[in-house]
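The next block is structure25.txt, given as compact mmCIF, C-alpha atoms.
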# COMPACT_ATOMS: atom_id res chain seq x y z
CA MET A 269 95.65 61.76 125.98
CA ASP A 270 92.22 63.34 125.51
CA ALA A 271 90.11 62.91 122.40
CA ALA A 272 90.76 66.52 121.36
CA SER A 273 94.38 65.60 120.66
CA PHE A 274 93.32 63.23 117.89
CA ALA A 275 91.89 64.27 114.52
CA PRO A 276 90.91 62.51 111.28
CA ALA A 277 93.96 62.07 109.07
CA ALA A 278 92.28 63.79 106.10
CA GLU A 279 91.51 66.83 108.26
CA LEU A 280 95.24 67.10 109.03
CA GLY A 281 96.28 66.85 105.38
CA PHE A 282 97.11 63.14 105.18
CA ASP A 283 95.75 60.42 102.91
CA PRO A 284 94.36 57.83 105.38
CA ALA A 285 94.89 54.94 102.97
CA ARG A 286 98.55 55.84 102.55
CA LEU A 287 99.02 56.00 106.31
CA ARG A 288 97.45 52.55 106.66
CA ALA A 289 99.81 51.34 103.94
CA ILE A 290 102.75 52.14 106.24
CA ASP A 291 101.44 49.64 108.80
CA ALA A 292 100.92 47.02 106.07
CA PHE A 293 104.47 47.56 104.86
CA VAL A 294 105.96 47.23 108.36
CA LYS A 295 103.95 44.06 108.98
CA ALA A 296 104.91 42.41 105.70
CA GLN A 297 108.57 43.43 105.63
CA TYR A 298 109.51 43.37 109.31
CA LEU A 299 107.00 41.63 111.55
CA ASP A 300 105.90 38.65 109.44
CA SER A 301 109.55 38.01 108.55
CA GLY A 302 110.57 38.04 112.22
CA LYS A 303 113.02 40.90 111.72
CA LEU A 304 111.29 43.02 114.36
CA PRO A 305 109.33 41.83 117.40
CA HIS A 306 106.71 44.59 117.30
CA ALA A 307 106.14 48.12 116.04
CA GLN A 308 104.32 51.24 117.14
CA LEU A 309 103.92 54.34 114.99
CA LEU A 310 102.55 57.75 115.97
CA ILE A 311 102.21 60.48 113.34
CA ALA A 312 100.91 63.93 114.25
CA ARG A 313 100.45 67.30 112.64
CA HIS A 314 100.04 70.60 114.48
CA GLY A 315 100.25 68.54 117.68
CA ARG A 316 97.17 66.44 116.82
CA VAL A 317 97.51 62.70 116.27
CA ALA A 318 96.57 61.59 112.76
CA HIS A 319 97.74 57.98 113.03
CA PHE A 320 98.61 55.76 115.99
CA SER A 321 99.11 52.05 115.29
CA HIS A 322 100.29 49.05 117.32
CA GLN A 323 101.46 45.72 115.93
CA GLY A 324 103.11 42.62 117.40
CA PRO A 325 103.44 41.14 120.90
CA ALA A 326 104.84 43.33 123.65
CA ARG A 327 106.33 40.24 125.28
CA GLU A 328 107.10 36.77 124.09
CA GLY A 329 103.81 34.87 124.16
CA GLY A 330 101.93 37.92 125.48
CA GLY A 331 99.45 40.49 124.22
CA ASP A 332 100.19 43.08 121.57
CA VAL A 333 101.81 46.42 122.24
CA ASN A 334 99.29 49.15 123.02
CA GLU A 335 99.23 52.84 123.87
CA GLY A 336 100.49 52.11 127.40
CA SER A 337 103.51 50.05 126.33
CA ILE A 338 106.84 51.25 127.71
CA PHE A 339 110.00 51.14 125.60
CA ARG A 340 113.71 51.70 126.24
CA ILE A 341 114.38 54.84 124.19
CA ALA A 342 118.20 54.82 124.53
CA SER A 343 119.68 57.81 122.68
CA MET A 344 116.31 59.52 122.37
CA THR A 345 117.32 60.50 125.93
CA LYS A 346 119.93 62.87 124.42
CA PRO A 347 117.49 65.60 123.31
CA VAL A 348 115.97 65.61 126.82
CA THR A 349 119.40 66.14 128.40
CA SER A 350 120.19 68.85 125.85
CA ILE A 351 116.98 70.71 126.70
CA ALA A 352 117.85 70.41 130.40
CA PHE A 353 121.27 71.96 129.82
CA MET A 354 119.85 74.78 127.73
CA GLN A 355 117.41 75.62 130.53
CA LEU A 356 120.47 76.32 132.67
CA VAL A 357 121.98 78.43 129.89
CA GLU A 358 118.78 80.50 129.85
CA GLU A 359 119.12 81.02 133.61
CA GLY A 360 122.67 82.34 133.30
CA CYS A 361 124.28 79.36 135.03
CA VAL A 362 126.53 78.44 132.10
CA ALA A 363 127.20 79.36 128.47
CA LEU A 364 127.78 77.36 125.32
CA ASP A 365 131.42 78.48 125.14
CA THR A 366 132.12 77.68 128.80
CA PRO A 367 135.05 75.20 129.02
CA VAL A 368 133.81 71.90 130.40
CA HIS A 369 136.53 71.87 133.07
CA ARG A 370 135.02 75.00 134.64
CA VAL A 371 132.10 72.83 135.83
CA LEU A 372 133.81 69.42 135.75
CA PRO A 373 137.40 70.12 136.90
CA GLU A 374 138.23 66.44 136.33
CA PHE A 375 138.64 67.32 132.64
CA LYS A 376 141.28 70.01 133.18
CA GLY A 377 144.55 69.12 131.51
CA GLY A 378 143.33 66.24 129.34
CA GLY A 379 145.13 65.40 126.11
CA VAL A 380 144.67 63.88 122.66
CA TYR A 381 145.66 60.27 121.96
CA GLN A 382 149.13 59.88 120.46
CA GLY A 383 149.83 56.21 121.11
CA GLY A 384 149.97 53.49 123.72
CA GLY A 385 147.10 51.63 125.33
CA GLY A 386 146.57 47.89 125.35
CA GLY A 387 148.44 47.56 128.64
CA MET A 388 150.88 50.36 127.86
CA PRO A 389 150.58 53.95 129.20
CA PHE A 390 148.81 56.37 126.89
CA ALA A 391 150.92 59.01 125.18
CA THR A 392 149.04 62.27 124.65
CA ARG A 393 149.52 65.76 123.25
CA PRO A 394 147.75 68.92 124.46
CA THR A 395 144.42 69.76 122.84
CA ALA A 396 144.43 72.63 120.35
CA GLU A 397 141.33 74.06 122.02
CA PRO A 398 139.65 73.28 125.34
CA MET A 399 136.53 71.14 125.30
CA ARG A 400 133.56 73.50 125.51
CA MET A 401 129.93 72.85 126.36
CA VAL A 402 128.95 73.28 122.72
CA ASP A 403 131.29 70.39 121.87
CA LEU A 404 129.30 68.12 124.17
CA LEU A 405 126.01 69.11 122.56
CA ARG A 406 127.15 68.74 118.94
CA HIS A 407 129.46 65.69 119.44
CA THR A 408 132.72 67.45 118.57
CA SER A 409 134.24 66.83 122.02
CA GLY A 410 136.85 64.20 121.09
CA LEU A 411 135.08 61.63 123.28
CA THR A 412 133.88 58.31 121.85
CA TYR A 413 131.81 55.19 122.60
CA GLY A 414 133.24 51.83 123.58
CA PHE A 415 131.11 50.04 120.98
CA GLN A 416 132.89 51.80 118.11
CA HIS A 417 135.70 49.16 118.18
CA ARG A 418 138.18 51.34 116.30
CA GLY A 419 141.25 51.51 118.50
CA ASN A 420 142.86 51.70 121.90
CA VAL A 421 140.78 54.58 123.27
CA ASP A 422 137.40 52.91 122.85
CA ALA A 423 138.99 49.66 124.06
CA ALA A 424 139.91 51.47 127.28
CA TYR A 425 136.26 52.52 127.65
CA ARG A 426 135.26 48.85 127.43
CA ASP A 427 138.01 47.68 129.78
CA GLY A 428 136.93 50.20 132.40
CA ARG A 429 133.23 49.39 131.96
CA ILE A 430 132.78 53.13 131.81
CA GLU A 431 129.43 52.99 130.02
CA ASN A 432 127.91 50.25 132.20
CA TRP A 433 124.76 51.70 133.81
CA HIS A 434 124.70 49.03 136.52
CA GLY A 435 128.47 48.89 136.89
CA ASN A 436 131.01 50.51 139.19
CA HIS A 437 130.34 54.19 138.54
CA ASP A 438 127.77 56.74 139.49
CA LEU A 439 127.75 59.94 137.42
CA ASP A 440 130.63 61.51 139.35
CA GLY A 441 132.68 58.30 139.13
CA PHE A 442 131.92 58.09 135.41
CA VAL A 443 133.31 61.59 134.87
CA ALA A 444 136.42 60.84 136.94
CA ALA A 445 137.16 57.60 135.05
CA LEU A 446 136.49 59.13 131.64
CA ALA A 447 138.69 62.16 132.28
CA LYS A 448 141.71 59.91 132.87
CA LEU A 449 141.56 58.67 129.26
CA PRO A 450 142.77 60.59 126.21
CA LEU A 451 140.52 62.20 123.63
CA GLU A 452 140.46 60.86 120.09
CA PHE A 453 140.95 64.35 118.61
CA SER A 454 141.09 67.96 119.73
CA PRO A 455 137.62 69.36 120.45
CA GLY A 456 136.07 70.98 117.39
CA GLU A 457 138.24 69.12 114.86
CA ALA A 458 135.75 66.38 113.95
CA TRP A 459 132.35 64.85 114.75
CA ASN A 460 132.16 61.55 116.60
CA TYR A 461 129.12 59.98 118.23
CA SER A 462 130.03 59.58 121.88
CA VAL A 463 129.30 59.66 125.61
CA ALA A 464 129.36 63.47 125.39
CA THR A 465 125.70 63.74 126.37
CA ASP A 466 126.34 61.62 129.46
CA VAL A 467 129.00 64.17 130.41
CA LEU A 468 126.43 66.89 129.73
CA GLY A 469 124.11 65.14 132.20
CA ALA A 470 126.87 65.41 134.81
CA VAL A 471 127.10 69.13 134.05
CA VAL A 472 123.36 69.50 134.62
CA GLN A 473 123.65 67.61 137.89
CA ARG A 474 126.59 69.69 139.18
CA LEU A 475 125.12 73.05 138.20
CA SER A 476 121.61 72.37 139.46
CA GLY A 477 122.58 70.59 142.68
CA MET A 478 119.91 68.00 141.84
CA THR A 479 120.32 64.40 140.74
CA LEU A 480 119.69 64.07 137.02
CA ASP A 481 116.55 61.97 137.47
CA ARG A 482 115.05 64.51 139.87
CA TYR A 483 115.95 67.40 137.56
CA PHE A 484 114.27 65.71 134.60
CA GLU A 485 111.16 64.96 136.63
CA GLU A 486 110.75 68.43 138.12
CA ARG A 487 111.85 70.58 135.19
CA ILE A 488 110.70 68.59 132.12
CA PHE A 489 108.52 65.53 132.72
CA ALA A 490 106.08 66.92 135.29
CA PRO A 491 105.47 70.19 133.38
CA LEU A 492 104.87 68.23 130.16
CA GLY A 493 102.72 65.53 131.75
CA MET A 494 105.19 62.79 130.79
CA ALA A 495 104.11 60.49 133.61
CA ASP A 496 105.53 57.29 132.08
CA THR A 497 109.08 58.49 131.36
CA GLY A 498 112.09 57.90 133.62
CA PHE A 499 115.31 56.01 134.25
CA THR A 500 113.49 53.25 136.17
CA VAL A 501 110.16 51.55 135.47
CA PRO A 502 108.32 51.43 138.83
CA ALA A 503 106.89 48.16 140.11
CA ASP A 504 103.30 49.10 139.31
CA LYS A 505 104.24 49.66 135.63
CA THR A 506 106.66 46.81 134.91
CA ASP A 507 103.88 44.75 133.32
CA ARG A 508 103.82 47.40 130.57
CA LEU A 509 107.56 47.18 129.76
CA THR A 510 108.17 45.41 126.45
CA ASP A 511 110.72 42.71 125.74
CA CYS A 512 113.91 43.97 124.11
CA TRP A 513 115.88 42.02 121.51
CA ALA A 514 119.28 42.10 119.84
CA TYR A 515 120.42 40.67 116.53
CA ALA A 516 123.05 37.95 116.97
CA ARG A 517 123.97 34.61 115.42
CA GLY A 518 121.83 35.35 112.37
CA GLY A 519 118.62 36.15 114.20
CA ARG A 520 116.88 37.77 117.15
CA VAL A 521 117.98 36.87 120.67
CA MET A 522 116.55 38.20 123.93
CA TYR A 523 118.51 41.21 125.20
CA ASP A 524 116.37 42.29 128.15
CA GLU A 525 113.18 40.49 129.14
CA GLY A 526 110.38 42.84 130.12
CA ALA A 527 109.31 40.75 133.10
CA LYS A 528 112.87 40.63 134.50
CA SER A 529 114.24 43.87 133.09
CA ALA A 530 117.35 45.67 134.28
CA TRP A 531 115.28 48.85 133.84
CA SER A 532 113.03 47.76 136.72
CA THR A 533 115.83 48.56 139.20
CA PRO A 534 117.46 52.00 139.60
CA PRO A 535 120.72 52.31 137.63
CA LYS A 536 123.88 53.38 139.43
CA LEU A 537 124.81 55.55 136.45
CA LEU A 538 122.09 57.99 135.39
CA SER A 539 122.79 58.07 131.66
CA GLY A 540 121.75 61.34 130.06
CA GLY A 541 122.95 59.82 126.82
CA GLY A 542 120.75 56.74 126.75
CA GLY A 543 119.09 55.61 129.96
CA LEU A 544 115.42 56.59 129.72
CA THR A 545 112.29 54.55 129.14
CA SER A 546 109.14 56.14 127.76
CA THR A 547 105.93 55.65 125.82
CA ALA A 548 105.02 56.87 122.36
CA LEU A 549 102.40 59.19 123.84
CA ASP A 550 104.84 60.67 126.35
CA TYR A 551 107.50 61.28 123.71
CA HIS A 552 104.83 62.74 121.44
CA ARG A 553 104.24 65.35 124.16
CA PHE A 554 107.96 66.14 124.18
CA CYS A 555 107.99 66.47 120.37
CA THR A 556 104.88 68.66 120.42
CA MET A 557 106.56 70.95 122.93
CA LEU A 558 109.47 71.26 120.48
CA LEU A 559 107.13 71.90 117.54
CA ASN A 560 105.32 74.57 119.59
CA GLY A 561 108.55 76.47 120.20
CA GLY A 562 109.16 75.22 123.72
CA THR A 563 105.69 75.20 125.28
CA LEU A 564 102.82 72.74 125.80
CA ASP A 565 99.47 73.19 127.52
CA GLY A 566 100.59 76.42 129.14
CA ALA A 567 103.92 75.06 130.42
CA ARG A 568 107.01 76.84 129.07
CA VAL A 569 109.94 74.38 129.11
CA ILE A 570 112.41 76.26 126.93
CA GLY A 571 112.45 79.64 125.20
CA ARG A 572 111.45 79.92 121.55
CA LYS A 573 114.68 81.62 120.49
CA THR A 574 116.74 79.13 122.49
CA LEU A 575 115.08 76.29 120.59
CA GLU A 576 115.71 78.09 117.31
CA LEU A 577 119.40 78.22 118.23
CA MET A 578 119.40 74.52 119.14
CA THR A 579 117.93 73.47 115.80
CA GLN A 580 120.47 75.23 113.58
CA ASN A 581 123.58 73.50 112.28
CA HIS A 582 126.45 74.09 114.71
CA LEU A 583 129.16 72.04 112.99
CA PRO A 584 132.34 74.09 112.51
CA GLY A 585 132.38 75.98 109.23
CA GLY A 586 128.74 75.10 108.51
CA ARG A 587 129.85 71.71 107.23
CA ASP A 588 127.78 68.53 107.19
CA LEU A 589 128.48 65.09 108.64
CA THR A 590 130.03 63.74 105.44
CA GLN A 591 132.82 66.27 105.93
CA LEU A 592 133.35 65.93 109.67
CA SER A 593 132.16 62.53 110.88
CA ARG A 594 134.65 59.96 112.17
CA SER A 595 131.90 57.82 113.66
CA MET A 596 131.52 54.25 112.47
CA PHE A 597 127.94 54.25 113.76
CA SER A 598 125.39 56.78 114.88
CA GLU A 599 121.67 57.45 114.71
CA ALA A 600 122.16 59.91 111.84
CA ALA A 601 122.44 59.72 108.09
CA ASN A 602 125.30 61.84 106.81
CA ALA A 603 124.64 63.40 103.41
CA GLY A 604 123.04 66.80 103.73
CA MET A 605 122.86 66.51 107.52
CA GLY A 606 124.32 68.91 110.04
CA PHE A 607 124.19 68.75 113.80
CA GLY A 608 122.66 71.19 116.22
CA LEU A 609 122.55 71.28 120.01
CA GLY A 610 121.21 67.80 120.66
CA PHE A 611 119.65 66.94 117.29
CA ALA A 612 120.68 66.01 113.76
CA ILE A 613 119.57 68.77 111.38
CA ASN A 614 118.36 68.28 107.81
CA MET A 615 120.22 70.98 105.89
CA ASP A 616 119.60 69.75 102.34
CA PRO A 617 116.88 67.16 101.60
CA ALA A 618 118.15 66.79 98.01
CA ARG A 619 121.51 65.53 99.24
CA SER A 620 119.83 63.11 101.66
CA LEU A 621 117.83 61.57 98.78
CA ILE A 622 114.83 61.27 101.15
CA PRO A 623 111.73 63.51 101.22
CA GLY A 624 111.84 66.06 104.01
CA SER A 625 112.18 69.72 104.83
CA ALA A 626 115.21 71.92 105.40
CA GLY A 627 115.25 72.58 109.13
CA GLU A 628 113.68 69.26 110.14
CA TYR A 629 115.46 67.69 113.10
CA TYR A 630 115.55 64.19 114.49
CA TRP A 631 117.30 61.45 116.42
CA GLY A 632 116.92 57.78 117.35
CA GLY A 633 118.03 55.11 119.76
CA MET A 634 120.08 51.92 119.63
CA PHE A 635 116.95 49.78 120.00
CA SER A 636 115.62 51.19 116.69
CA THR A 637 113.29 53.81 118.16
CA ALA A 638 113.15 57.11 116.27
CA PHE A 639 111.51 60.52 116.09
CA PHE A 640 111.53 63.59 113.88
CA VAL A 641 110.11 67.10 114.08
CA ASP A 642 109.40 69.04 110.89
CA PRO A 643 108.61 72.70 111.72
CA VAL A 644 107.90 73.51 108.06
CA GLU A 645 105.10 70.96 107.66
CA ALA A 646 104.26 70.89 111.42
CA ILE A 647 104.71 67.10 111.44
CA THR A 648 106.09 64.96 114.26
CA MET A 649 106.67 61.23 114.22
CA VAL A 650 107.51 58.76 116.98
CA PHE A 651 108.38 55.15 116.16
CA MET A 652 108.87 52.49 118.81
CA THR A 653 110.26 48.98 118.64
CA GLN A 654 113.00 47.10 120.56
CA LEU A 655 115.81 45.65 118.45
CA SER A 656 119.53 46.43 118.57
CA PRO A 657 121.45 47.58 116.56
CA SER A 658 119.38 50.30 114.94
CA SER A 659 121.61 50.28 111.86
CA LEU A 660 120.52 46.77 110.87
CA TYR A 661 117.60 47.73 108.61
CA PRO A 662 116.70 50.86 106.57
CA LEU A 663 113.33 51.16 108.30
CA ARG A 664 113.75 54.78 109.43
CA ARG A 665 114.39 55.91 105.87
CA GLU A 666 111.42 53.87 104.65
CA LEU A 667 109.09 55.24 107.33
CA LYS A 668 110.07 58.83 106.63
CA THR A 669 109.56 58.38 102.88
CA MET A 670 106.11 56.89 103.40
CA VAL A 671 105.01 59.52 105.93
CA TYR A 672 105.81 62.34 103.52
CA ALA A 673 104.23 60.39 100.66
CA ALA A 674 100.95 60.41 102.60
CA LEU A 675 100.78 64.24 102.70
CA THR A 676 98.01 65.75 100.60
CA ALA A 677 98.02 69.34 101.83
Could you express the structure from this file as structure tokens?
Amino acid sequence: MDAASFAPAAELGFDPARLRAIDAFVKAQYLDSGKLPHAQLLIARHGRVAHFSHQGPAREGGGDVNEGSIFRIASMTKPVTSIAFMQLVEEGCVALDTPVHRVLPEFKGGGVYQGGGGGMPFATRPTAEPMRMVDLLRHTSGLTYGFQHRGNVDAAYRDGRIENWHGNHDLDGFVAALAKLPLEFSPGEAWNYSVATDVLGAVVQRLSGMTLDRYFEERIFAPLGMADTGFTVPADKTDRLTDCWAYARGGRVMYDEGAKSAWSTPPKLLSGGGGLTSTALDYHRFCTMLLNGGTLDGARVIGRKTLELMTQNHLPGGRDLTQLSRSMFSEAANAGMGFGLGFAINMDPARSLIPGSAGEYYWGGMFSTAFFVDPVEAITMVFMTQLSPSSLYPLRRELKTMVYAALTA
């Protein structure tokens, strides 16, 4: 990133001391205590970086994270896949109300769970409405995640290793296996965090005639200059891939070692829901494109009005997640939050009890990465670390509070 993309924090309407206090807080509360292995925080306004900090070792016994460090961004892949799909909508290839089975015929005739499972055949009933593309984007599809651990449907996901990126299925096999299982509810009835965006990636692949990784590279990453983002970390960059940890047995245990990472080999399943790696600077370019209404450095990735549509609440009846969510876990808070086409949407900051702006949108990943875009204040934030699950600590809420507290103008 060139020097022109950085600016003094005070010039961008931030109190520099309050921004530095965020780093001190993260160090004292999360790094010194051993809760997190490392942390990287990028705060920008009007596309210019006001604050970019790096703390903690990238790898066990190694040097600290730096601006070139590569992180597994997990569900921060979802907005990328959603933008890819909406590019195809703009080109007339598909519409938001298109039934999913029109593009993925494997889903024709699926039903809603009525009973069975656990070694017994599933009993199903017909869906009240067909699953539509909009249901995939806003997570009202009736699909789920195996890690929810709520019943026989998600157990069947685990038994079939449906979500395993290095397992038995490529994207077509994933769709075929998933379509044989019942939905948890009729599409549009409820909100449930799920593999819906992985299915959306299969839609992009079928409609475009390109593999999902190639589509991302040609249509999104290359135009935006996101040279360090992809499903696989190439050999000449693996030294930059950070260690990744999980919380188990009362502490941090190694989940994926950077030097021997699963992300250094191509996955069989190209996961549009969670498979990408990236850097803070690359994802900052993606966020700046969003803030700019779909364009960056002369490259138009998505139309301005399309992006406006994506960042409105699309939950049925204009409701929020407290009224519709059946998810035991997601990357979203619920109170005052709606859901758009690939992003959680802040509808009412007062109900969220956190500073923010109506119309701000955001998402995060299972390894505790996070971003938000605030079009009202022209602020973007990217936070990187590597610890699963992301629900373990309230760090995202704390970061957001402190970022807004640093605003002076």
* To do: Between A:Gly385, A:Gly477, A:Gly610, A:Gly586, single out the one closest to Gly632 of chain A, counting only C-alpha atoms.
  =>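 Closest candidate: A:Gly610.
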* **Close residues, segment 365-380 of chain A itself excluded, 6 Å, all atoms listed in the file, min 4 positions apart in chain, as a list in words** =>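 Non-adjacent residues within range: Thr392, Arg393, Pro394, Thr395, Met399, Arg400, Met401, Ala444, Ala447, Pro450, Leu451, Glu452 and Phe453 of chain A.
Comparing A:His319, A:Lys346, A:Leu310, A:Ala396 by their smallest distance to Gly281 of chain A, the closest is A:His319 (using all atoms listed in the file).
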* **Ala312 of chain A environment, 7 Å, only C-alpha atoms, sequence neighbours closer than 4 positions dropped, as a ChimeraX atom specification** => /A:316-319,647-649
* **Spatial neighbours of Gly633 of chain A, 10 Å, only C-alpha atoms, chain gap at least 4 places, as a VMD selection string** => chain A and resid 340 to 346 541 to 542 598 to 599 637 to 639 652 to 659
Just the residues within 12 Å of Thr676 of chain A, please, counting only C-alpha atoms, with nothing from its chain fewer than 6 positions along; format it as a PDB file with C-alpha atoms, keeping the file's coordinate frame.
ATOM      1  CA  ALA A 277      93.960  62.070 109.070  1.00  0.00           C
ATOM      2  CA  ALA A 278      92.280  63.790 106.100  1.00  0.00           C
ATOM      3  CA  GLU A 279      91.510  66.830 108.260  1.00  0.00           C
ATOM      4  CA  LEU A 280      95.240  67.100 109.030  1.00  0.00           C
ATOM      5  CA  GLY A 281      96.280  66.850 105.380  1.00  0.00           C
ATOM      6  CA  PHE A 282      97.110  63.140 105.180  1.00  0.00           C
ATOM      7  CA  ASP A 283      95.750  60.420 102.910  1.00  0.00           C
ATOM      8  CA  PRO A 284      94.360  57.830 105.380  1.00  0.00           C
ATOM      9  CA  ALA A 285      94.890  54.940 102.970  1.00  0.00           C
ATOM     10  CA  ARG A 286      98.550  55.840 102.550  1.00  0.00           C
ATOM     11  CA  LEU A 287      99.020  56.000 106.310  1.00  0.00           C
ATOM     12  CA  GLU A 645     105.100  70.960 107.660  1.00  0.00           C
TER      13      GLU A 645
END
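Minimum distance to Arg429 of chain A across A:Leu537, A:Thr497, A:Thr510, A:Gln382 (counting all atoms listed in the file) occurs at A:Leu537.
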